[in-house]
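File shown: data-v1.cif. Contents: mmCIF, C-alpha atoms and all ligand atoms; chains and numbers go by the auth columns.
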```
data_run
loop_
_atom_site.group_PDB
_atom_site.id
_atom_site.type_symbol
_atom_site.label_atom_id
_atom_site.label_comp_id
_atom_site.label_asym_id
_atom_site.label_seq_id
_atom_site.Cartn_x
_atom_site.Cartn_y
_atom_site.Cartn_z
_atom_site.B_iso_or_equiv
_atom_site.auth_seq_id
_atom_site.auth_asym_id
ATOM 1 C CA MET A 1 100.725 95.842 88.047 0.00 7 A
ATOM 2 C CA GLY A 2 102.812 98.739 89.374 0.00 8 A
ATOM 3 C CA ASP A 3 99.945 101.234 89.080 0.00 9 A
ATOM 4 C CA VAL A 4 97.572 99.253 91.269 0.00 10 A
ATOM 5 C CA ARG A 5 96.975 101.120 94.521 0.00 11 A
ATOM 6 C CA HIS A 6 96.794 98.441 97.161 0.00 12 A
ATOM 7 C CA GLU A 7 95.445 99.960 100.370 0.00 13 A
ATOM 8 C CA ARG A 8 94.112 99.060 103.800 0.00 14 A
ATOM 9 C CA THR A 9 91.284 100.808 105.608 0.00 15 A
ATOM 10 C CA LEU A 10 89.834 100.738 109.128 0.00 16 A
ATOM 11 C CA ILE A 11 86.129 100.187 109.582 0.00 17 A
ATOM 12 C CA PHE A 12 84.083 99.866 112.741 0.00 18 A
ATOM 13 C CA ILE A 13 80.395 99.166 113.090 0.00 19 A
ATOM 14 C CA LYS A 14 79.081 101.662 115.643 0.00 20 A
ATOM 15 C CA PRO A 15 76.814 100.673 118.565 0.00 21 A
ATOM 16 C CA ASP A 16 73.622 101.243 116.500 0.00 22 A
ATOM 17 C CA GLY A 17 74.771 98.759 113.806 0.00 23 A
ATOM 18 C CA VAL A 18 75.794 96.126 116.361 0.00 24 A
ATOM 19 C CA GLN A 19 72.607 96.566 118.424 0.00 25 A
ATOM 20 C CA ARG A 20 70.443 96.229 115.310 0.00 26 A
ATOM 21 C CA GLY A 21 72.098 92.890 114.438 0.00 27 A
ATOM 22 C CA LEU A 22 73.575 94.187 111.193 0.00 28 A
ATOM 23 C CA VAL A 23 77.198 93.005 111.608 0.00 29 A
ATOM 24 C CA GLY A 24 76.839 90.157 109.093 0.00 30 A
ATOM 25 C CA GLU A 25 74.957 92.340 106.602 0.00 31 A
ATOM 26 C CA VAL A 26 77.664 95.011 106.706 0.00 32 A
ATOM 27 C CA LEU A 27 80.547 92.531 106.341 0.00 33 A
ATOM 28 C CA ARG A 28 78.755 90.824 103.452 0.00 34 A
ATOM 29 C CA ARG A 29 78.643 94.062 101.466 0.00 35 A
ATOM 30 C CA PHE A 30 82.394 94.638 101.709 0.00 36 A
ATOM 31 C CA GLU A 31 83.302 91.003 101.121 0.00 37 A
ATOM 32 C CA ARG A 32 81.179 90.626 98.009 0.00 38 A
ATOM 33 C CA ALA A 33 82.773 93.753 96.514 0.00 39 A
ATOM 34 C CA GLY A 34 86.149 91.994 96.734 0.00 40 A
ATOM 35 C CA LEU A 35 87.575 93.730 99.809 0.00 41 A
ATOM 36 C CA LYS A 36 89.527 91.254 101.948 0.00 42 A
ATOM 37 C CA VAL A 37 89.016 91.106 105.728 0.00 43 A
ATOM 38 C CA VAL A 38 92.528 90.923 107.224 0.00 44 A
ATOM 39 C CA GLY A 39 91.656 91.606 110.889 0.00 45 A
ATOM 40 C CA LEU A 40 88.402 91.532 112.882 0.00 46 A
ATOM 41 C CA LYS A 41 87.334 91.963 116.533 0.00 47 A
ATOM 42 C CA MET A 42 84.688 93.247 118.939 0.00 48 A
ATOM 43 C CA VAL A 43 85.892 96.114 121.127 0.00 49 A
ATOM 44 C CA HIS A 44 84.312 98.125 123.919 0.00 50 A
ATOM 45 C CA ALA A 45 86.357 101.275 123.338 0.00 51 A
ATOM 46 C CA LYS A 46 87.203 103.526 126.295 0.00 52 A
ATOM 47 C CA PRO A 47 86.736 107.327 126.052 0.00 53 A
ATOM 48 C CA ASP A 48 90.546 107.849 126.337 0.00 54 A
ATOM 49 C CA PHE A 49 91.117 105.665 123.305 0.00 55 A
ATOM 50 C CA LEU A 50 88.431 107.457 121.265 0.00 56 A
ATOM 51 C CA GLU A 51 89.943 110.823 122.212 0.00 57 A
ATOM 52 C CA LYS A 52 92.894 109.697 120.085 0.00 58 A
ATOM 53 C CA HIS A 53 90.753 108.248 117.301 0.00 59 A
ATOM 54 C CA TYR A 54 88.732 111.452 116.812 0.00 60 A
ATOM 55 C CA PRO A 55 91.540 113.998 116.475 0.00 61 A
ATOM 56 C CA ASN A 56 91.365 117.158 118.503 0.00 62 A
ATOM 57 C CA ASN A 57 92.796 119.131 115.613 0.00 63 A
ATOM 58 C CA GLU A 58 91.164 122.333 114.512 0.00 64 A
ATOM 59 C CA ASP A 59 90.633 121.364 110.864 0.00 65 A
ATOM 60 C CA PHE A 60 88.647 118.253 111.788 0.00 66 A
ATOM 61 C CA LEU A 61 86.632 120.123 114.446 0.00 67 A
ATOM 62 C CA ARG A 62 85.906 123.133 112.242 0.00 68 A
ATOM 63 C CA THR A 63 84.676 120.873 109.401 0.00 69 A
ATOM 64 C CA LEU A 64 82.493 118.867 111.769 0.00 70 A
ATOM 65 C CA GLY A 65 81.161 122.058 113.413 0.00 71 A
ATOM 66 C CA GLY A 66 80.563 123.706 110.039 0.00 72 A
ATOM 67 C CA LYS A 67 78.511 120.740 108.814 0.00 73 A
ATOM 68 C CA THR A 68 76.475 120.768 112.007 0.00 74 A
ATOM 69 C CA GLN A 69 75.884 124.499 111.668 0.00 75 A
ATOM 70 C CA GLU A 70 74.643 124.002 108.075 0.00 76 A
ATOM 71 C CA ALA A 71 72.264 121.266 109.256 0.00 77 A
ATOM 72 C CA PHE A 72 70.751 123.592 111.886 0.00 78 A
ATOM 73 C CA ALA A 73 70.378 126.393 109.320 0.00 79 A
ATOM 74 C CA ALA A 74 68.788 124.046 106.755 0.00 80 A
ATOM 75 C CA ALA A 75 66.207 123.107 109.390 0.00 81 A
ATOM 76 C CA GLY A 76 65.459 126.788 110.027 0.00 82 A
ATOM 77 C CA LEU A 77 66.933 126.625 113.540 0.00 83 A
ATOM 78 C CA ASP A 78 69.080 129.249 115.241 0.00 84 A
ATOM 79 C CA VAL A 79 72.376 127.479 115.899 0.00 85 A
ATOM 80 C CA LYS A 80 73.367 129.832 118.696 0.00 86 A
ATOM 81 C CA GLN A 81 70.073 129.406 120.471 0.00 87 A
ATOM 82 C CA GLN A 82 70.299 125.615 120.167 0.00 88 A
ATOM 83 C CA THR A 83 73.965 125.053 121.047 0.00 89 A
ATOM 84 C CA GLY A 84 75.000 128.245 122.799 0.00 90 A
ATOM 85 C CA SER A 85 77.503 129.085 120.056 0.00 91 A
ATOM 86 C CA ASP A 86 77.819 130.037 116.420 0.00 92 A
ATOM 87 C CA ASP A 87 81.537 129.243 116.220 0.00 93 A
ATOM 88 C CA PRO A 88 82.207 126.114 114.084 0.00 94 A
ATOM 89 C CA LEU A 89 85.175 125.157 116.279 0.00 95 A
ATOM 90 C CA THR A 90 83.113 125.214 119.484 0.00 96 A
ATOM 91 C CA ILE A 91 80.250 123.309 117.835 0.00 97 A
ATOM 92 C CA GLY A 92 82.753 120.809 116.388 0.00 98 A
ATOM 93 C CA ARG A 93 84.138 120.199 119.884 0.00 99 A
ATOM 94 C CA ALA A 94 80.625 119.511 121.163 0.00 100 A
ATOM 95 C CA VAL A 95 79.850 116.998 118.373 0.00 101 A
ATOM 96 C CA ARG A 96 83.205 115.287 118.989 0.00 102 A
ATOM 97 C CA GLY A 97 82.223 114.922 122.659 0.00 103 A
ATOM 98 C CA TRP A 98 78.861 113.393 121.716 0.00 104 A
ATOM 99 C CA LEU A 99 80.670 110.965 119.387 0.00 105 A
ATOM 100 C CA ILE A 100 83.146 109.846 122.040 0.00 106 A
ATOM 101 C CA ASP A 101 80.329 109.324 124.574 0.00 107 A
ATOM 102 C CA TYR A 102 78.239 107.376 122.078 0.00 108 A
ATOM 103 C CA VAL A 103 80.916 105.120 120.608 0.00 109 A
ATOM 104 C CA SER A 104 82.223 104.279 124.104 0.00 110 A
ATOM 105 C CA SER A 105 78.699 103.446 125.352 0.00 111 A
ATOM 106 C CA SER A 106 78.508 99.902 123.917 0.00 112 A
ATOM 107 C CA PRO A 107 80.687 97.435 121.923 0.00 113 A
ATOM 108 C CA VAL A 108 81.643 98.023 118.303 0.00 114 A
ATOM 109 C CA VAL A 109 82.948 95.574 115.686 0.00 115 A
ATOM 110 C CA ALA A 110 86.220 96.739 114.134 0.00 116 A
ATOM 111 C CA PHE A 111 87.889 95.334 111.050 0.00 117 A
ATOM 112 C CA VAL A 112 90.587 96.061 108.511 0.00 118 A
ATOM 113 C CA LEU A 113 89.889 95.709 104.797 0.00 119 A
ATOM 114 C CA ASP A 114 92.589 95.247 102.200 0.00 120 A
ATOM 115 C CA GLY A 115 92.231 95.762 98.467 0.00 121 A
ATOM 116 C CA ILE A 116 92.772 97.926 95.430 0.00 122 A
ATOM 117 C CA GLN A 117 91.821 101.488 96.426 0.00 123 A
ATOM 118 C CA ALA A 118 90.282 100.049 99.591 0.00 124 A
ATOM 119 C CA VAL A 119 89.854 103.460 101.290 0.00 125 A
ATOM 120 C CA GLY A 120 87.733 105.077 98.560 0.00 126 A
ATOM 121 C CA THR A 121 85.908 101.862 97.712 0.00 127 A
ATOM 122 C CA ALA A 122 84.882 101.343 101.328 0.00 128 A
ATOM 123 C CA ARG A 123 83.646 104.959 101.598 0.00 129 A
ATOM 124 C CA LYS A 124 81.584 104.430 98.420 0.00 130 A
ATOM 125 C CA ILE A 125 79.964 101.319 99.915 0.00 131 A
ATOM 126 C CA VAL A 126 79.355 103.157 103.223 0.00 132 A
ATOM 127 C CA GLY A 127 77.726 106.250 101.623 0.00 133 A
ATOM 128 C CA ASP A 128 77.339 109.886 102.676 0.00 134 A
ATOM 129 C CA THR A 129 77.809 110.897 106.333 0.00 135 A
ATOM 130 C CA LEU A 130 74.193 112.048 106.540 0.00 136 A
ATOM 131 C CA PRO A 131 71.886 109.087 105.948 0.00 137 A
ATOM 132 C CA PHE A 132 69.123 111.163 104.311 0.00 138 A
ATOM 133 C CA ARG A 133 71.680 112.130 101.669 0.00 139 A
ATOM 134 C CA ALA A 134 73.297 108.679 101.304 0.00 140 A
ATOM 135 C CA ALA A 135 72.380 106.936 98.052 0.00 141 A
ATOM 136 C CA PRO A 136 70.196 103.815 98.076 0.00 142 A
ATOM 137 C CA GLY A 137 72.440 100.755 97.831 0.00 143 A
ATOM 138 C CA THR A 138 74.953 102.201 100.296 0.00 144 A
ATOM 139 C CA ILE A 139 75.027 100.958 103.896 0.00 145 A
ATOM 140 C CA ARG A 140 73.950 104.307 105.335 0.00 146 A
ATOM 141 C CA GLY A 141 71.388 104.879 102.565 0.00 147 A
ATOM 142 C CA ASP A 142 69.803 101.459 103.020 0.00 148 A
ATOM 143 C CA PHE A 143 69.794 101.171 106.811 0.00 149 A
ATOM 144 C CA SER A 144 69.404 104.611 108.346 0.00 150 A
ATOM 145 C CA ILE A 145 67.135 107.611 108.009 0.00 151 A
ATOM 146 C CA ASP A 146 68.636 109.525 110.917 0.00 152 A
ATOM 147 C CA SER A 147 68.777 113.270 110.374 0.00 153 A
ATOM 148 C CA PRO A 148 71.250 115.805 111.756 0.00 154 A
ATOM 149 C CA THR A 149 68.356 118.039 112.822 0.00 155 A
ATOM 150 C CA VAL A 150 66.955 115.441 115.212 0.00 156 A
ATOM 151 C CA ALA A 151 70.445 114.354 116.311 0.00 157 A
ATOM 152 C CA ASN A 152 71.585 117.911 117.023 0.00 158 A
ATOM 153 C CA LEU A 153 68.465 118.699 119.022 0.00 159 A
ATOM 154 C CA GLN A 154 69.014 115.522 121.061 0.00 160 A
ATOM 155 C CA ARG A 155 72.726 116.372 121.565 0.00 161 A
ATOM 156 C CA ARG A 156 73.919 113.120 120.011 0.00 162 A
ATOM 157 C CA PRO A 157 75.880 112.134 116.902 0.00 163 A
ATOM 158 C CA VAL A 158 74.023 111.204 113.730 0.00 164 A
ATOM 159 C CA ARG A 159 73.442 107.437 113.941 0.00 165 A
ATOM 160 C CA ASN A 160 74.912 106.312 110.657 0.00 166 A
ATOM 161 C CA MET A 161 76.004 102.820 111.773 0.00 167 A
ATOM 162 C CA ILE A 162 79.567 102.801 110.641 0.00 168 A
ATOM 163 C CA HIS A 163 82.971 104.464 110.612 0.00 169 A
ATOM 164 C CA ALA A 164 85.322 104.190 107.615 0.00 170 A
ATOM 165 C CA SER A 165 88.720 105.916 107.339 0.00 171 A
ATOM 166 C CA GLY A 166 88.574 109.009 105.123 0.00 172 A
ATOM 167 C CA THR A 167 92.079 108.971 103.614 0.00 173 A
ATOM 168 C CA VAL A 168 95.041 106.621 103.223 0.00 174 A
ATOM 169 C CA ASP A 169 96.974 108.530 105.940 0.00 175 A
ATOM 170 C CA GLU A 170 94.009 108.433 108.312 0.00 176 A
ATOM 171 C CA ALA A 171 93.655 104.695 107.641 0.00 177 A
ATOM 172 C CA GLU A 172 97.306 104.031 108.466 0.00 178 A
ATOM 173 C CA PHE A 173 97.021 105.957 111.741 0.00 179 A
ATOM 174 C CA GLU A 174 93.730 104.284 112.724 0.00 180 A
ATOM 175 C CA ILE A 175 94.843 100.729 111.856 0.00 181 A
ATOM 176 C CA LYS A 176 97.907 101.136 114.112 0.00 182 A
ATOM 177 C CA MET A 177 95.652 102.376 116.911 0.00 183 A
ATOM 178 C CA TRP A 178 93.010 99.656 116.685 0.00 184 A
ATOM 179 C CA PHE A 179 95.066 96.555 115.734 0.00 185 A
ATOM 180 C CA ARG A 180 98.371 95.105 116.903 0.00 186 A
ATOM 181 C CA PRO A 181 100.556 93.755 114.055 0.00 187 A
ATOM 182 C CA GLU A 182 99.886 90.138 115.130 0.00 188 A
ATOM 183 C CA GLU A 183 96.124 90.742 114.841 0.00 189 A
ATOM 184 C CA LEU A 184 96.443 91.362 111.092 0.00 190 A
ATOM 185 C CA PHE A 185 96.759 88.464 108.658 0.00 191 A
ATOM 186 C CA ALA A 186 98.037 87.821 105.141 0.00 192 A
ATOM 187 C CA TYR A 187 96.287 85.331 102.855 0.00 193 A
ATOM 188 C CA ARG A 188 95.098 85.215 99.271 0.00 194 A
ATOM 189 C CA ARG A 189 91.434 85.408 98.306 0.00 195 A
ATOM 190 C CA VAL A 190 90.689 83.212 95.313 0.00 196 A
ATOM 191 C CA ASP A 191 89.151 86.095 93.344 0.00 197 A
ATOM 192 C CA GLU A 192 92.352 88.180 93.621 0.00 198 A
ATOM 193 C CA THR A 193 93.888 86.100 90.837 0.00 199 A
ATOM 194 C CA LEU A 194 91.172 87.287 88.422 0.00 200 A
ATOM 195 C CA ILE A 195 92.021 90.937 88.987 0.00 201 A
ATOM 196 C CA GLN A 196 95.725 90.952 89.759 0.00 202 A
ATOM 197 C CA GLY A 197 96.988 87.815 88.016 0.00 203 A
ATOM 198 C CA GLU A 198 98.977 84.929 89.510 0.00 204 A
HETATM 199 P P1 LIG B . 82.171 110.399 108.469 0.00 301 B
HETATM 200 O O1 LIG B . 83.648 110.299 108.145 0.00 301 B
HETATM 201 O O2 LIG B . 81.305 110.179 107.249 0.00 301 B
HETATM 202 O O3 LIG B . 81.763 109.481 109.605 0.00 301 B
HETATM 203 O O4 LIG B . 81.870 111.901 108.924 0.00 301 B
HETATM 204 P P2 LIG B . 82.645 112.970 109.855 0.00 301 B
HETATM 205 O O5 LIG B . 84.056 112.545 110.135 0.00 301 B
HETATM 206 O O6 LIG B . 82.398 114.311 109.266 0.00 301 B
HETATM 207 O O7 LIG B . 81.807 112.938 111.224 0.00 301 B
HETATM 208 C C1 LIG B . 82.024 111.972 112.216 0.00 301 B
HETATM 209 C C2 LIG B . 80.691 111.541 112.782 0.00 301 B
HETATM 210 O O8 LIG B . 80.078 112.667 113.455 0.00 301 B
HETATM 211 C C3 LIG B . 79.644 111.094 111.765 0.00 301 B
HETATM 212 O O9 LIG B . 79.813 109.758 111.342 0.00 301 B
HETATM 213 C C4 LIG B . 78.350 111.324 112.533 0.00 301 B
HETATM 214 O O10 LIG B . 78.087 110.247 113.427 0.00 301 B
HETATM 215 C C5 LIG B . 78.657 112.578 113.339 0.00 301 B
HETATM 216 N N1 LIG B . 78.185 113.798 112.665 0.00 301 B
HETATM 217 C C6 LIG B . 78.656 114.320 111.494 0.00 301 B
HETATM 218 N N2 LIG B . 78.004 115.445 111.174 0.00 301 B
HETATM 219 C C7 LIG B . 77.099 115.651 112.172 0.00 301 B
HETATM 220 C C8 LIG B . 76.107 116.666 112.414 0.00 301 B
HETATM 221 O O11 LIG B . 75.904 117.603 111.640 0.00 301 B
HETATM 222 N N3 LIG B . 75.384 116.555 113.581 0.00 301 B
HETATM 223 C C9 LIG B . 75.556 115.525 114.453 0.00 301 B
HETATM 224 N N4 LIG B . 74.779 115.473 115.539 0.00 301 B
HETATM 225 N N5 LIG B . 76.441 114.541 114.232 0.00 301 B
HETATM 226 C C10 LIG B . 77.217 114.595 113.120 0.00 301 B
#
```

Render the structure in this file as structure tokens.
Amino acid sequence: MGDVRHERTLIFIKPDGVQRGLVGEVLRRFERAGLKVVGLKMVHAKPDFLEKHYPNNEDFLRTLGGKTQEAFAAAGLDVKQQTGSDDPLTIGRAVRGWLIDYVSSSPVVAFVLDGIQAVGTARKIVGDTLPFRAAPGTIRGDFSIDSPTVANLQRRPVRNMIHASGTVDEAEFEIKMWFRPEELFAYRRVDETLIQGE
């Protein structure tokens, strides 16, 4: 089975998911797909910690700012009038600030999932960043109708319930940040045998 890409990914249920009592529902969706929970905890993250989680690098900020700019334009709103800037980097910095404030405002539930192509599979189950675009059957598509237009006008991040690492490298970095080695566990799920053999 040398071609099987065994990966780990970092997920956390954001304050909106925890406060709506959807922790069990979210876990159920990953577990039933065959992803194995290998670490799990509730954390009230501090702003300093989230500063590291949401990288201050220009690529991330420009992408985030660009998406926000598009959302304003799609709603027929003047981005400069609304945010004071039309520079994606500056807007990205603002959204990152809203995210850090929001995620540090109340406890989240963080966990690590392990499985074949766990990073991409988890993102598929989570759905598109913007809930109105997320397909039915995904977590964001089924449980949120938040829109970037409303969120941007209220100066807050889109409430899409959940974070899931975007790439294998990001996952490795985030798992090291959120979990100590002794908080991660190795065991065999019974259904692994069906897919990977004895
Ligand atoms: P994700 O990987 O799907 O969570 O998406 P990103 O890394 O691009 O964005 C991080 C988070 O920022 C998202 O989960 C949203 O909570 C928030 N966000 C993304 N785009 C926008 C936007 O256009 N406006 C606002 N207000 N928040 C956004």

In Å to one decimal, how far is atom C5 of ligand LIG 301 (chain B) from atom CA of A:Arg186?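 Interatomic distance, atom CA of A:Arg186 to atom C5 of ligand LIG 301 (chain B): 26.6 Å.
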
Determine, counting all atoms listed in the file, every residue of protein, DNA or RNA that lies within 10 Å of (96.0, 99.8, 111.7) in the file coordinates, then give the result as a count of residues only. 20

Shell of 12 Å around A:Arg195, only C-alpha atoms, local chain residues under 6 positions omitted, as a PyMOL selection string: chain A and resi 37-38+40-44+120-121+201-204

Which residue out of A:Glu76, A:Glu31, A:Asp22, A:Glu64 has the minimum interatomic distance to ligand LIG 301 (chain B) when only C-alpha atoms and all ligand atoms are used? A:Glu76

Can you tell me, as a ChimeraX atom specification, what residues are no more than 10 Å from stretch 85-95 of chain A when counting all atoms listed in the file, ignoring any on the same chain fewer than 5 positions away? /A:63-79,100-101,158-159,161
